[in-house]
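Student: So that you have it, the file is query-v9.txt, and it contains compact mmCIF, C-alpha atoms:
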```
# COMPACT_ATOMS: atom_id res chain seq x y z
CA MET A 1418 3.73 6.62 2.00
CA ILE A 1419 4.15 4.23 4.93
CA ASP A 1420 3.45 0.59 4.16
CA ALA A 1421 2.63 -0.88 7.57
CA GLY A 1422 3.14 -4.60 7.09
CA SER A 1423 3.27 -7.45 9.58
CA SER A 1424 7.07 -7.66 9.78
CA GLY A 1425 7.77 -3.94 9.82
CA CYS A 1426 6.86 -0.51 8.47
CA ARG A 1427 8.42 0.91 5.30
CA ALA A 1428 8.46 4.56 4.31
CA HIS A 1429 8.56 5.26 0.58
CA VAL A 1430 9.32 8.79 -0.65
CA PHE A 1431 7.84 9.06 -4.14
CA ARG A 1432 8.79 11.72 -6.65
CA TYR A 1433 6.81 12.79 -9.69
CA GLY A 1434 7.57 14.17 -13.12
CA VAL A 1435 5.59 15.58 -16.03
CA LEU A 1436 5.60 13.74 -19.34
CA GLY A 1437 6.19 15.73 -22.49
CA THR A 1438 4.92 19.27 -21.93
CA PRO A 1439 4.15 21.14 -18.68
CA GLU A 1440 0.51 20.20 -19.26
CA GLY A 1441 1.35 16.54 -19.80
CA PRO A 1442 0.36 13.70 -17.47
CA LEU A 1443 2.12 13.14 -14.18
CA TYR A 1444 4.18 10.01 -13.76
CA VAL A 1445 5.86 8.39 -10.79
CA LEU A 1446 9.62 7.95 -10.96
CA PRO A 1447 10.27 4.18 -10.59
CA LYS A 1448 13.40 4.68 -8.49
CA HIS A 1449 12.65 6.02 -5.03
CA ASP A 1450 14.12 6.06 -1.55
CA SER A 1451 12.74 3.86 1.21
CA LYS A 1452 13.47 2.75 4.74
CA LYS A 1453 12.13 -0.08 6.91
CA VAL A 1454 11.85 -0.22 10.69
CA LYS A 1455 10.90 -3.17 12.86
CA PRO A 1456 8.74 -4.46 14.46
CA GLY A 1457 5.41 -4.25 12.63
CA LEU A 1458 2.45 -2.45 14.17
CA SER A 1459 0.69 -5.73 14.96
CA SER A 1460 3.45 -6.54 17.48
CA PHE A 1461 2.00 -3.79 19.69
CA ASN A 1462 -1.16 -5.80 20.35
CA ASN A 1463 -0.37 -5.83 24.08
CA ASP A 1464 0.67 -2.17 24.15
CA PRO A 1465 -1.28 -0.30 21.44
CA ALA A 1466 -0.41 3.13 22.83
CA SER A 1467 3.26 2.63 21.93
CA ALA A 1468 2.60 1.92 18.26
CA GLY A 1469 2.80 5.52 17.11
CA ILE A 1470 6.22 6.33 18.54
CA SER A 1471 7.66 3.31 16.71
CA LEU A 1472 7.42 5.39 13.52
CA THR A 1473 9.95 7.96 14.76
CA GLY A 1474 12.76 6.50 12.66
CA LEU A 1475 10.64 6.72 9.50
CA VAL A 1476 9.73 10.35 10.15
CA ASP A 1477 13.42 11.16 10.64
CA PHE A 1478 14.20 9.42 7.35
CA MET A 1479 11.56 11.45 5.52
CA LYS A 1480 12.95 14.67 6.97
CA GLN A 1481 16.27 13.80 5.36
CA GLN A 1482 14.68 13.06 1.99
CA ILE A 1483 12.27 16.00 1.68
CA PRO A 1484 13.36 19.67 1.67
CA GLU A 1485 12.37 21.42 4.87
CA ASP A 1486 10.39 24.11 3.04
CA LYS A 1487 8.17 21.32 1.63
CA TRP A 1488 7.45 19.51 4.90
CA ALA A 1489 4.19 21.31 5.68
CA VAL A 1490 2.72 20.63 2.22
CA THR A 1491 3.94 17.04 1.79
CA PRO A 1492 1.20 14.59 2.77
CA ILE A 1493 2.05 11.44 4.68
CA TYR A 1494 -0.15 8.34 4.37
CA LEU A 1495 -0.08 5.06 6.25
CA LYS A 1496 -1.70 1.93 4.88
CA ALA A 1497 -1.78 -1.01 7.29
CA THR A 1498 -2.31 -4.49 5.86
CA ALA A 1499 -2.84 -8.08 6.97
CA GLY A 1500 -0.87 -7.87 10.22
CA LEU A 1501 -3.53 -5.60 11.71
CA ARG A 1502 -6.39 -7.33 9.91
CA MET A 1503 -5.52 -10.48 11.87
CA LEU A 1504 -6.02 -8.74 15.22
CA ASN A 1505 -9.38 -8.18 16.86
CA THR A 1506 -11.02 -4.93 15.83
CA GLU A 1507 -10.74 -3.26 19.23
CA THR A 1508 -6.97 -3.77 19.38
CA SER A 1509 -6.30 -2.77 15.77
CA ASP A 1510 -8.39 0.38 16.22
CA LEU A 1511 -6.33 1.34 19.28
CA ILE A 1512 -3.10 0.83 17.32
CA ILE A 1513 -4.32 3.00 14.44
CA ALA A 1514 -5.49 5.64 16.93
CA SER A 1515 -1.97 5.72 18.40
CA VAL A 1516 -0.50 6.19 14.92
CA GLN A 1517 -3.00 8.96 14.12
CA GLU A 1518 -2.22 10.77 17.35
CA PHE A 1519 1.54 10.53 16.76
CA LEU A 1520 1.47 11.76 13.16
CA SER A 1521 -1.02 14.53 13.95
CA ASN A 1522 1.35 16.08 16.50
CA PRO A 1523 3.69 18.59 14.76
CA HIS A 1524 6.30 17.98 17.45
CA ASN A 1525 6.51 14.38 16.21
CA SER A 1526 5.98 14.86 12.47
CA PRO A 1527 6.08 18.14 10.52
CA PHE A 1528 4.33 16.70 7.46
CA PHE A 1529 0.77 17.33 6.30
CA PHE A 1530 -1.46 14.72 7.90
CA GLU A 1531 -5.12 14.08 8.63
CA PRO A 1532 -6.36 11.14 10.75
CA LYS A 1533 -8.10 9.57 7.76
CA TYR A 1534 -4.69 9.24 6.07
CA ALA A 1535 -3.82 6.35 8.41
CA GLN A 1536 -6.05 3.31 7.95
CA ILE A 1537 -6.22 -0.45 7.67
CA ILE A 1538 -6.92 -1.38 4.07
CA PRO A 1539 -8.97 -4.44 3.09
CA GLY A 1540 -7.41 -7.40 1.31
CA ASN A 1541 -8.87 -6.60 -2.10
CA GLU A 1542 -7.32 -3.13 -1.95
CA GLU A 1543 -3.94 -4.56 -0.92
CA GLY A 1544 -4.02 -6.92 -3.89
CA ALA A 1545 -5.14 -4.17 -6.25
CA PHE A 1546 -2.25 -1.91 -5.27
CA SER A 1547 0.20 -4.70 -6.13
CA TRP A 1548 -1.48 -5.23 -9.50
CA ILE A 1549 -1.42 -1.51 -10.26
CA SER A 1550 2.26 -1.24 -9.32
CA VAL A 1551 3.37 -4.17 -11.49
CA ASN A 1552 1.32 -3.19 -14.52
CA TYR A 1553 2.37 0.46 -14.19
CA LEU A 1554 6.05 -0.52 -14.15
CA LYS A 1555 5.47 -2.88 -17.09
CA HIS A 1556 3.84 0.01 -19.02
CA VAL A 1557 0.53 -1.82 -19.36
CA ILE A 1558 -1.18 1.14 -17.70
CA GLY A 1559 -0.03 4.70 -17.09
CA PRO A 1560 1.48 7.42 -19.29
CA PHE A 1561 4.31 5.27 -20.68
CA ARG A 1562 2.10 2.61 -22.24
CA PRO A 1563 2.05 2.38 -26.06
CA ILE A 1564 -0.30 4.77 -27.82
CA GLY A 1565 -3.76 3.29 -28.31
CA GLU A 1566 -6.10 1.24 -26.19
CA VAL A 1567 -4.79 -0.58 -23.14
CA ASP A 1568 -3.86 -4.18 -23.99
CA LYS A 1569 -5.98 -5.71 -21.24
CA GLU A 1570 -5.61 -9.20 -22.70
CA ASN A 1571 -1.89 -9.16 -21.87
CA ALA A 1572 -2.10 -7.48 -18.48
CA PHE A 1573 -0.05 -9.21 -15.80
CA ALA A 1574 -1.73 -11.24 -13.08
CA VAL A 1575 0.00 -10.79 -9.72
CA VAL A 1576 0.60 -13.17 -6.83
CA GLU A 1577 2.07 -11.18 -3.95
CA MET A 1578 3.16 -12.76 -0.66
CA GLY A 1579 3.56 -10.57 2.38
CA GLY A 1580 4.28 -11.52 5.96
CA ALA A 1581 0.71 -12.29 7.03
CA SER A 1582 -1.20 -12.82 3.78
CA THR A 1583 -0.95 -13.61 0.09
CA GLN A 1584 -2.87 -11.71 -2.58
CA VAL A 1585 -3.91 -13.03 -5.99
CA THR A 1586 -5.08 -10.33 -8.41
CA GLN A 1587 -5.98 -10.26 -12.09
CA ILE A 1588 -8.03 -8.15 -14.43
CA ALA A 1589 -11.63 -9.06 -15.21
CA ASN A 1590 -11.86 -8.37 -18.93
CA THR A 1591 -15.36 -9.46 -19.87
CA TYR A 1592 -18.70 -8.39 -18.48
CA ALA A 1593 -19.40 -12.00 -17.48
CA ASP A 1594 -16.12 -12.14 -15.54
CA GLN A 1595 -16.91 -8.88 -13.80
CA LYS A 1596 -20.40 -10.00 -12.78
CA SER A 1597 -19.10 -13.34 -11.48
CA ILE A 1598 -16.81 -11.72 -8.88
CA GLU A 1599 -18.15 -12.28 -5.39
CA THR A 1600 -18.77 -9.34 -3.08
CA GLY A 1601 -15.58 -8.14 -1.44
CA PHE A 1602 -13.24 -9.53 -4.11
CA SER A 1603 -13.46 -6.78 -6.72
CA TYR A 1604 -11.64 -3.48 -7.03
CA GLU A 1605 -12.48 -0.77 -9.55
CA PHE A 1606 -10.37 2.21 -10.55
CA SER A 1607 -9.69 4.51 -13.49
CA ILE A 1608 -6.43 5.84 -14.88
CA GLN A 1609 -6.09 8.19 -17.84
CA GLY A 1610 -9.78 7.79 -18.61
CA GLU A 1611 -9.57 3.98 -18.75
CA ARG A 1612 -11.73 1.96 -16.33
CA PHE A 1613 -10.48 -1.27 -14.80
CA ILE A 1614 -12.20 -3.93 -12.72
CA LEU A 1615 -9.96 -6.38 -10.90
CA TYR A 1616 -10.51 -9.65 -9.11
CA ALA A 1617 -8.43 -9.46 -5.93
CA HIS A 1618 -8.45 -12.21 -3.31
CA SER A 1619 -6.41 -11.92 -0.12
CA TYR A 1620 -5.62 -15.14 1.74
CA LEU A 1621 -5.23 -14.10 5.37
CA GLY A 1622 -2.74 -16.18 7.31
CA TYR A 1623 -0.92 -17.42 4.20
CA GLY A 1624 1.97 -14.96 4.30
CA GLY A 1625 5.61 -15.94 4.53
CA ASP A 1626 5.98 -15.17 8.24
CA GLN A 1627 2.77 -16.99 9.12
CA VAL A 1628 3.73 -20.09 7.17
CA THR A 1629 7.20 -20.16 8.76
CA THR A 1630 5.79 -19.75 12.26
CA GLN A 1631 3.15 -22.43 11.78
CA ARG A 1632 5.70 -24.87 10.34
CA TYR A 1633 8.05 -24.27 13.29
CA GLU A 1634 5.26 -24.82 15.81
CA TYR A 1635 4.20 -27.99 13.97
CA GLU A 1636 7.72 -29.41 13.91
CA CYS A 1637 8.23 -28.63 17.60
```
Could you write out this structure as structure tokens?

Tutor:
Amino acid sequence: MIDAGSSGCRAHVFRYGVLGTPEGPLYVLPKHDSKKVKPGLSSFNNDPASAGISLTGLVDFMKQQIPEDKWAVTPIYLKATAGLRMLNTETSDLIIASVQEFLSNPHNSPFFFEPKYAQIIPGNEEGAFSWISVNYLKHVIGPFRPIGEVDKENAFAVVEMGGASTQVTQIANTYADQKSIETGFSYEFSIQGERFILYAHSYLGYGGDQVTTQRYEYEC
């Protein structure tokens, strides 16, 4: 998985295990290898065609982490976030097209890839992924949670600050809460037969890098 943020791109190589018996549920090992390269894809706004080749270092890293006989069957995904959402659509589309072309070429990347695997995700999805990660690691959801119903009342709310945006995400427990969420700020998913509806609001332009840049320009 490549997390294409505003300040750089990070490759995460996730590994899975099986809980209990061979037929048991899959789980993600919390400890995993990762690597970050700079700059972020949004920095190629004046040269979109060069965005794809900037991922070369990440592909080389993944080659080191994954056995060669598994390359062709290991999928590679790229999720771009607020850095590209801040650009105009024409430019961000050209950047994603460059990434898709690069990762689709077996001379550049030997991993299993389809163009739809590289995309710009909306803010509510970015926030939801943070919520899922935190509550999975805290055993609120997932195969390691205590036996019985999910304790939704004690699920963690998450405030996550990236380089170009900040996401605020929490679970909507009641039907009234779920119905009150405005269009574009909800995210629904299921895990182990349990359905969740989240409120996820992304504040574009309120990331750490954006705030620092704006403060510097103001002081100057």

Student: Separation of atom CA of Glu1605 of chain A and atom CA of Asn1552 of chain A, in Å?

Tutor: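 Distance reported for this atom pair: 14.9 Å.
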
Student: Just the number, please: distance in Å from atom CA of Glu1440 of chain A to atom CA of Pro1560 of chain A, one decimal.

Tutor: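 Between atom CA of Glu1440 of chain A and atom CA of Pro1560 of chain A the gap is 12.8 Å.
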
Student: Give me, as CSV, each residue of segment 1487-1580 of chain A that comes within 12 Å of segment 1428-1439 of chain A, together with its shortest interatomic pair and the distance in Å at one decimal, counting only C-alpha atoms, with rows ordered by chain and rising residue number.

Tutor:
```
residue,atom,partner,partner_atom,distance
A:Thr1491,CA,A:Val1430,CA,10.1
A:Pro1492,CA,A:Val1430,CA,10.5
A:Ile1493,CA,A:Val1430,CA,9.4
A:Tyr1494,CA,A:Ala1428,CA,9.4
A:Leu1495,CA,A:Ala1428,CA,8.8
A:Lys1496,CA,A:Ala1428,CA,10.5
A:Gly1559,CA,A:Leu1436,CA,10.9
A:Pro1560,CA,A:Leu1436,CA,7.5
A:Phe1561,CA,A:Leu1436,CA,8.7
```

Student: Quick one: residues within 12 Å of segment 1546-1550 of chain A, only C-alpha atoms, excluding same-chain residues fewer than 6 positions away - as a PyMOL selection string?

Tutor: chain A and resi 1420+1445-1447+1496+1498+1538-1540+1556-1559+1572-1579+1583-1588+1604-1608+1613-1619

Student: With C-alpha atoms retained, could you export that selection as a PDB file, in the coordinates of the input?

Tutor:
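Saved as again-v2.pdb:
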```pdb
ATOM      1  CA  ASP A1420       3.450   0.590   4.160  1.00  0.00           C
ATOM      2  CA  VAL A1445       5.860   8.390 -10.790  1.00  0.00           C
ATOM      3  CA  LEU A1446       9.620   7.950 -10.960  1.00  0.00           C
ATOM      4  CA  PRO A1447      10.270   4.180 -10.590  1.00  0.00           C
ATOM      5  CA  LYS A1496      -1.700   1.930   4.880  1.00  0.00           C
ATOM      6  CA  THR A1498      -2.310  -4.490   5.860  1.00  0.00           C
ATOM      7  CA  ILE A1538      -6.920  -1.380   4.070  1.00  0.00           C
ATOM      8  CA  PRO A1539      -8.970  -4.440   3.090  1.00  0.00           C
ATOM      9  CA  GLY A1540      -7.410  -7.400   1.310  1.00  0.00           C
ATOM     10  CA  HIS A1556       3.840   0.010 -19.020  1.00  0.00           C
ATOM     11  CA  VAL A1557       0.530  -1.820 -19.360  1.00  0.00           C
ATOM     12  CA  ILE A1558      -1.180   1.140 -17.700  1.00  0.00           C
ATOM     13  CA  GLY A1559      -0.030   4.700 -17.090  1.00  0.00           C
ATOM     14  CA  ALA A1572      -2.100  -7.480 -18.480  1.00  0.00           C
ATOM     15  CA  PHE A1573      -0.050  -9.210 -15.800  1.00  0.00           C
ATOM     16  CA  ALA A1574      -1.730 -11.240 -13.080  1.00  0.00           C
ATOM     17  CA  VAL A1575       0.000 -10.790  -9.720  1.00  0.00           C
ATOM     18  CA  VAL A1576       0.600 -13.170  -6.830  1.00  0.00           C
ATOM     19  CA  GLU A1577       2.070 -11.180  -3.950  1.00  0.00           C
ATOM     20  CA  MET A1578       3.160 -12.760  -0.660  1.00  0.00           C
ATOM     21  CA  GLY A1579       3.560 -10.570   2.380  1.00  0.00           C
ATOM     22  CA  THR A1583      -0.950 -13.610   0.090  1.00  0.00           C
ATOM     23  CA  GLN A1584      -2.870 -11.710  -2.580  1.00  0.00           C
ATOM     24  CA  VAL A1585      -3.910 -13.030  -5.990  1.00  0.00           C
ATOM     25  CA  THR A1586      -5.080 -10.330  -8.410  1.00  0.00           C
ATOM     26  CA  GLN A1587      -5.980 -10.260 -12.090  1.00  0.00           C
ATOM     27  CA  ILE A1588      -8.030  -8.150 -14.430  1.00  0.00           C
ATOM     28  CA  TYR A1604     -11.640  -3.480  -7.030  1.00  0.00           C
ATOM     29  CA  GLU A1605     -12.480  -0.770  -9.550  1.00  0.00           C
ATOM     30  CA  PHE A1606     -10.370   2.210 -10.550  1.00  0.00           C
ATOM     31  CA  SER A1607      -9.690   4.510 -13.490  1.00  0.00           C
ATOM     32  CA  ILE A1608      -6.430   5.840 -14.880  1.00  0.00           C
ATOM     33  CA  PHE A1613     -10.480  -1.270 -14.800  1.00  0.00           C
ATOM     34  CA  ILE A1614     -12.200  -3.930 -12.720  1.00  0.00           C
ATOM     35  CA  LEU A1615      -9.960  -6.380 -10.900  1.00  0.00           C
ATOM     36  CA  TYR A1616     -10.510  -9.650  -9.110  1.00  0.00           C
ATOM     37  CA  ALA A1617      -8.430  -9.460  -5.930  1.00  0.00           C
ATOM     38  CA  HIS A1618      -8.450 -12.210  -3.310  1.00  0.00           C
ATOM     39  CA  SER A1619      -6.410 -11.920  -0.120  1.00  0.00           C
TER      40      SER A1619
END
```

Student: Show which residues sit within 10 Å of Leu1475 of chain A, as a PyMOL selection string. Count all atoms listed in the file, and ignore same-chain residues fewer than 4 positions away.

Tutor: chain A and resi 1419+1426-1429+1451-1454+1471+1479-1481+1526
